[in-house]
Amino acid sequence: MAIWKEQTSVKKDSPLSLTPDQEGHQPQATPDIPAAQEPVRRNVGVDRKNAESVISAGLTIEGTISGNGDVRIAGQFKGDVNVQGSLTIEAGAKLVGGVRASNVIIDGELEGNIDAATRVELRSTGVLNGNLNTGSLTVAAGSRMRGQVEFGWSKDGPQRSDVKAEHSYAS
């Protein structure tokens, strides 16, 4: 059995052209593809700050999610979510478990507590059945919640210096 390297020749009018290697090695044939037809190349995993993991509609998953990046739930998830990014629960989705995330957007249903979030947005189709502790809270008309809420407070008191609580009670 003979092993050999078959030499291929490329004609000038061929869609392939030769590109020399920087170190002067044997040129390789590469196709001349117009810029509009070039395949899209993405640097997957280069910018992990903006990476988003998705549990798509129709999926049911049990477990724990933790780490950096954003999480979007469109299906069903049972377990705790602890991320330094954002958590979005889409309309029609359901999460059963505790949440620790920088930003939480609820369009679907969350059955569990949210703790130490910087910002929580409960949208018109959102349902929260659990306690909530956040720096900032936005509640849309039509949303529903059952549980205790604390917002605008840090461990040392109000988050903003201009926040004052005044109560008057009628006797």
# chains A, B, ... in the order shown; residues from 1 in each chain; ligands from 1

call {"tool": "residues_around", "arguments": {"residues": "range 58-61 of chain A", "least_positions_apart": "6", "cutoff": "8 Å", "atoms": "only C-alpha atoms", "output": "ChimeraX atom specification"}}
result
/A:74-78

call {"tool": "residues_around", "arguments": {"residues": "range 133-138 of chain A", "least_positions_apart": "3", "cutoff": "12 Å", "atoms": "only C-alpha atoms", "output": "PDB file with C-alpha atoms, in the first residue's frame"}}
result
ATOM      1  CA  GLY A  98     -34.892  30.413  45.955  1.00  0.00           C
ATOM      2  CA  VAL A  99     -33.329  33.221  43.943  1.00  0.00           C
ATOM      3  CA  ARG A 100     -30.191  35.291  44.497  1.00  0.00           C
ATOM      4  CA  ALA A 101     -29.431  37.487  41.478  1.00  0.00           C
ATOM      5  CA  SER A 102     -28.438  41.072  40.744  1.00  0.00           C
ATOM      6  CA  ASN A 103     -31.543  41.802  38.674  1.00  0.00           C
ATOM      7  CA  VAL A 104     -34.739  39.784  38.556  1.00  0.00           C
ATOM      8  CA  ILE A 105     -37.499  40.244  35.980  1.00  0.00           C
ATOM      9  CA  ILE A 106     -40.669  38.233  36.517  1.00  0.00           C
ATOM     10  CA  GLY A 112     -39.821  30.961  46.281  1.00  0.00           C
ATOM     11  CA  ASN A 113     -37.940  33.778  47.952  1.00  0.00           C
ATOM     12  CA  ILE A 114     -35.817  36.455  46.301  1.00  0.00           C
ATOM     13  CA  ASP A 115     -32.944  37.601  48.474  1.00  0.00           C
ATOM     14  CA  ALA A 116     -30.362  40.384  48.068  1.00  0.00           C
ATOM     15  CA  ALA A 117     -31.333  41.468  44.572  1.00  0.00           C
ATOM     16  CA  THR A 118     -30.326  44.965  43.473  1.00  0.00           C
ATOM     17  CA  ARG A 119     -33.445  45.383  41.346  1.00  0.00           C
ATOM     18  CA  VAL A 120     -36.654  43.386  40.928  1.00  0.00           C
ATOM     19  CA  GLU A 121     -39.270  44.038  38.276  1.00  0.00           C
ATOM     20  CA  LEU A 122     -42.640  42.326  38.653  1.00  0.00           C
ATOM     21  CA  ARG A 123     -44.358  42.725  35.277  1.00  0.00           C
ATOM     22  CA  SER A 124     -48.094  42.618  34.516  1.00  0.00           C
ATOM     23  CA  GLY A 126     -45.794  38.116  36.799  1.00  0.00           C
ATOM     24  CA  GLY A 130     -42.641  34.176  48.386  1.00  0.00           C
ATOM     25  CA  ALA A 141     -50.539  46.738  37.347  1.00  0.00           C
ATOM     26  CA  SER A 143     -49.078  41.460  38.697  1.00  0.00           C
ATOM     27  CA  GLY A 147     -45.412  37.244  50.809  1.00  0.00           C
ATOM     28  CA  GLN A 148     -43.420  39.852  52.696  1.00  0.00           C
ATOM     29  CA  VAL A 149     -41.535  42.636  50.948  1.00  0.00           C
ATOM     30  CA  GLU A 150     -38.524  44.700  51.989  1.00  0.00           C
ATOM     31  CA  PHE A 151     -37.038  47.161  49.531  1.00  0.00           C
ATOM     32  CA  GLY A 152     -34.863  50.259  49.647  1.00  0.00           C
ATOM     33  CA  TRP A 153     -32.956  49.058  52.709  1.00  0.00           C
ATOM     34  CA  SER A 154     -29.433  47.853  53.274  1.00  0.00           C
ATOM     35  CA  LYS A 155     -28.130  46.168  56.413  1.00  0.00           C
ATOM     36  CA  GLY A 157     -30.579  51.340  57.073  1.00  0.00           C
ATOM     37  CA  PRO A 158     -32.006  53.099  54.012  1.00  0.00           C
ATOM     38  CA  GLN A 159     -29.917  52.753  50.836  1.00  0.00           C
ATOM     39  CA  ARG A 160     -30.328  56.395  49.867  1.00  0.00           C
TER      40      ARG A 160
END

call {"tool": "closest_residue", "arguments": {"among": "A:Ile65, A:Val127, A:Val54, A:Val81", "to": "Lys94 in chain A", "atoms": "only C-alpha atoms"}}
result
A:Val127

call {"tool": "select_by_dssp", "arguments": {"residues": "range 99-159 of chain A", "states": "strand (DSSP E)", "output": "NGL selection string"}}
result
:A and (99-100 or 103-106 or 109-111 or 114-122 or 127-129 or 132-139 or 144-146 or 149-151 or 153-154 or 157-158)

call {"tool": "write_last_selection", "arguments": {"atoms": "C-alpha atoms", "output": "CSV table (one decimal), in the first residue's frame"}}
result
chain,number,residue,atom,x,y,z
A,99,VAL,CA,-33.3,33.2,43.9
A,100,ARG,CA,-30.2,35.3,44.5
A,103,ASN,CA,-31.5,41.8,38.7
A,104,VAL,CA,-34.7,39.8,38.6
A,105,ILE,CA,-37.5,40.2,36.0
A,106,ILE,CA,-40.7,38.2,36.5
A,109,GLU,CA,-44.3,32.6,38.0
A,110,LEU,CA,-41.8,32.3,40.9
A,111,GLU,CA,-42.6,30.2,43.8
A,114,ILE,CA,-35.8,36.5,46.3
A,115,ASP,CA,-32.9,37.6,48.5
A,116,ALA,CA,-30.4,40.4,48.1
A,117,ALA,CA,-31.3,41.5,44.6
A,118,THR,CA,-30.3,45.0,43.5
A,119,ARG,CA,-33.4,45.4,41.3
A,120,VAL,CA,-36.7,43.4,40.9
A,121,GLU,CA,-39.3,44.0,38.3
A,122,LEU,CA,-42.6,42.3,38.7
A,127,VAL,CA,-46.7,36.1,39.9
A,128,LEU,CA,-44.5,35.9,43.0
A,129,ASN,CA,-45.4,33.6,45.8
A,132,LEU,CA,-38.8,39.6,48.6
A,133,ASN,CA,-35.7,41.5,49.7
A,134,THR,CA,-34.4,44.0,47.2
A,135,GLY,CA,-32.8,47.4,46.7
A,136,SER,CA,-35.3,48.6,44.1
A,137,LEU,CA,-38.8,47.3,43.2
A,138,THR,CA,-41.0,48.0,40.2
A,139,VAL,CA,-44.5,46.5,40.2
A,144,ARG,CA,-49.7,39.3,41.8
A,145,MET,CA,-47.7,38.7,44.9
A,146,ARG,CA,-48.1,36.8,48.2
A,149,VAL,CA,-41.5,42.6,50.9
A,150,GLU,CA,-38.5,44.7,52.0
A,151,PHE,CA,-37.0,47.2,49.5
A,153,TRP,CA,-33.0,49.1,52.7
A,154,SER,CA,-29.4,47.9,53.3
A,157,GLY,CA,-30.6,51.3,57.1
A,158,PRO,CA,-32.0,53.1,54.0

call {"tool": "atom_distance", "arguments": {"atom1": "CA of Asp107 in chain A", "atom2": "CA of Gly67 in chain A"}}
result
22.4 Å

call {"tool": "decode", "arguments": {"residues": "range 86-98 of chain A", "atoms": "N, CA and C atoms", "output": "tab-separated table (two decimals), in the first residue's frame"}}
result
chain	number	residue	atom	x	y	z
A	86	SER	N	-28.35	38.68	35.66
A	86	SER	CA	-29.79	38.86	35.70
A	86	SER	C	-30.52	37.53	35.53
A	87	LEU	N	-31.68	37.45	36.15
A	87	LEU	CA	-32.58	36.31	35.98
A	87	LEU	C	-33.87	36.84	35.40
A	88	THR	N	-34.31	36.24	34.29
A	88	THR	CA	-35.57	36.61	33.67
A	88	THR	C	-36.45	35.38	33.61
A	89	ILE	N	-37.66	35.50	34.14
A	89	ILE	CA	-38.64	34.43	34.07
A	89	ILE	C	-39.70	34.89	33.08
A	90	GLU	N	-39.76	34.25	31.93
A	90	GLU	CA	-40.65	34.68	30.87
A	90	GLU	C	-42.10	34.31	31.17
A	91	ALA	N	-43.04	34.96	30.49
A	91	ALA	CA	-44.47	34.67	30.62
A	91	ALA	C	-44.70	33.20	30.26
A	92	GLY	N	-45.44	32.51	31.09
A	92	GLY	CA	-45.70	31.09	30.87
A	92	GLY	C	-44.68	30.17	31.52
A	93	ALA	N	-43.58	30.71	32.01
A	93	ALA	CA	-42.53	29.91	32.66
A	93	ALA	C	-42.78	29.86	34.16
A	94	LYS	N	-42.19	28.85	34.81
A	94	LYS	CA	-42.33	28.73	36.26
A	94	LYS	C	-41.02	28.29	36.87
A	95	LEU	N	-40.64	28.96	37.96
A	95	LEU	CA	-39.47	28.60	38.74
A	95	LEU	C	-39.92	28.31	40.16
A	96	VAL	N	-39.54	27.16	40.69
A	96	VAL	CA	-39.83	26.80	42.08
A	96	VAL	C	-38.49	26.67	42.78
A	97	GLY	N	-38.18	27.65	43.64
A	97	GLY	CA	-36.90	27.64	44.35
A	97	GLY	C	-36.48	29.04	44.75
A	98	GLY	N	-35.41	29.13	45.50
A	98	GLY	CA	-34.89	30.41	45.96
A	98	GLY	C	-34.06	31.10	44.88
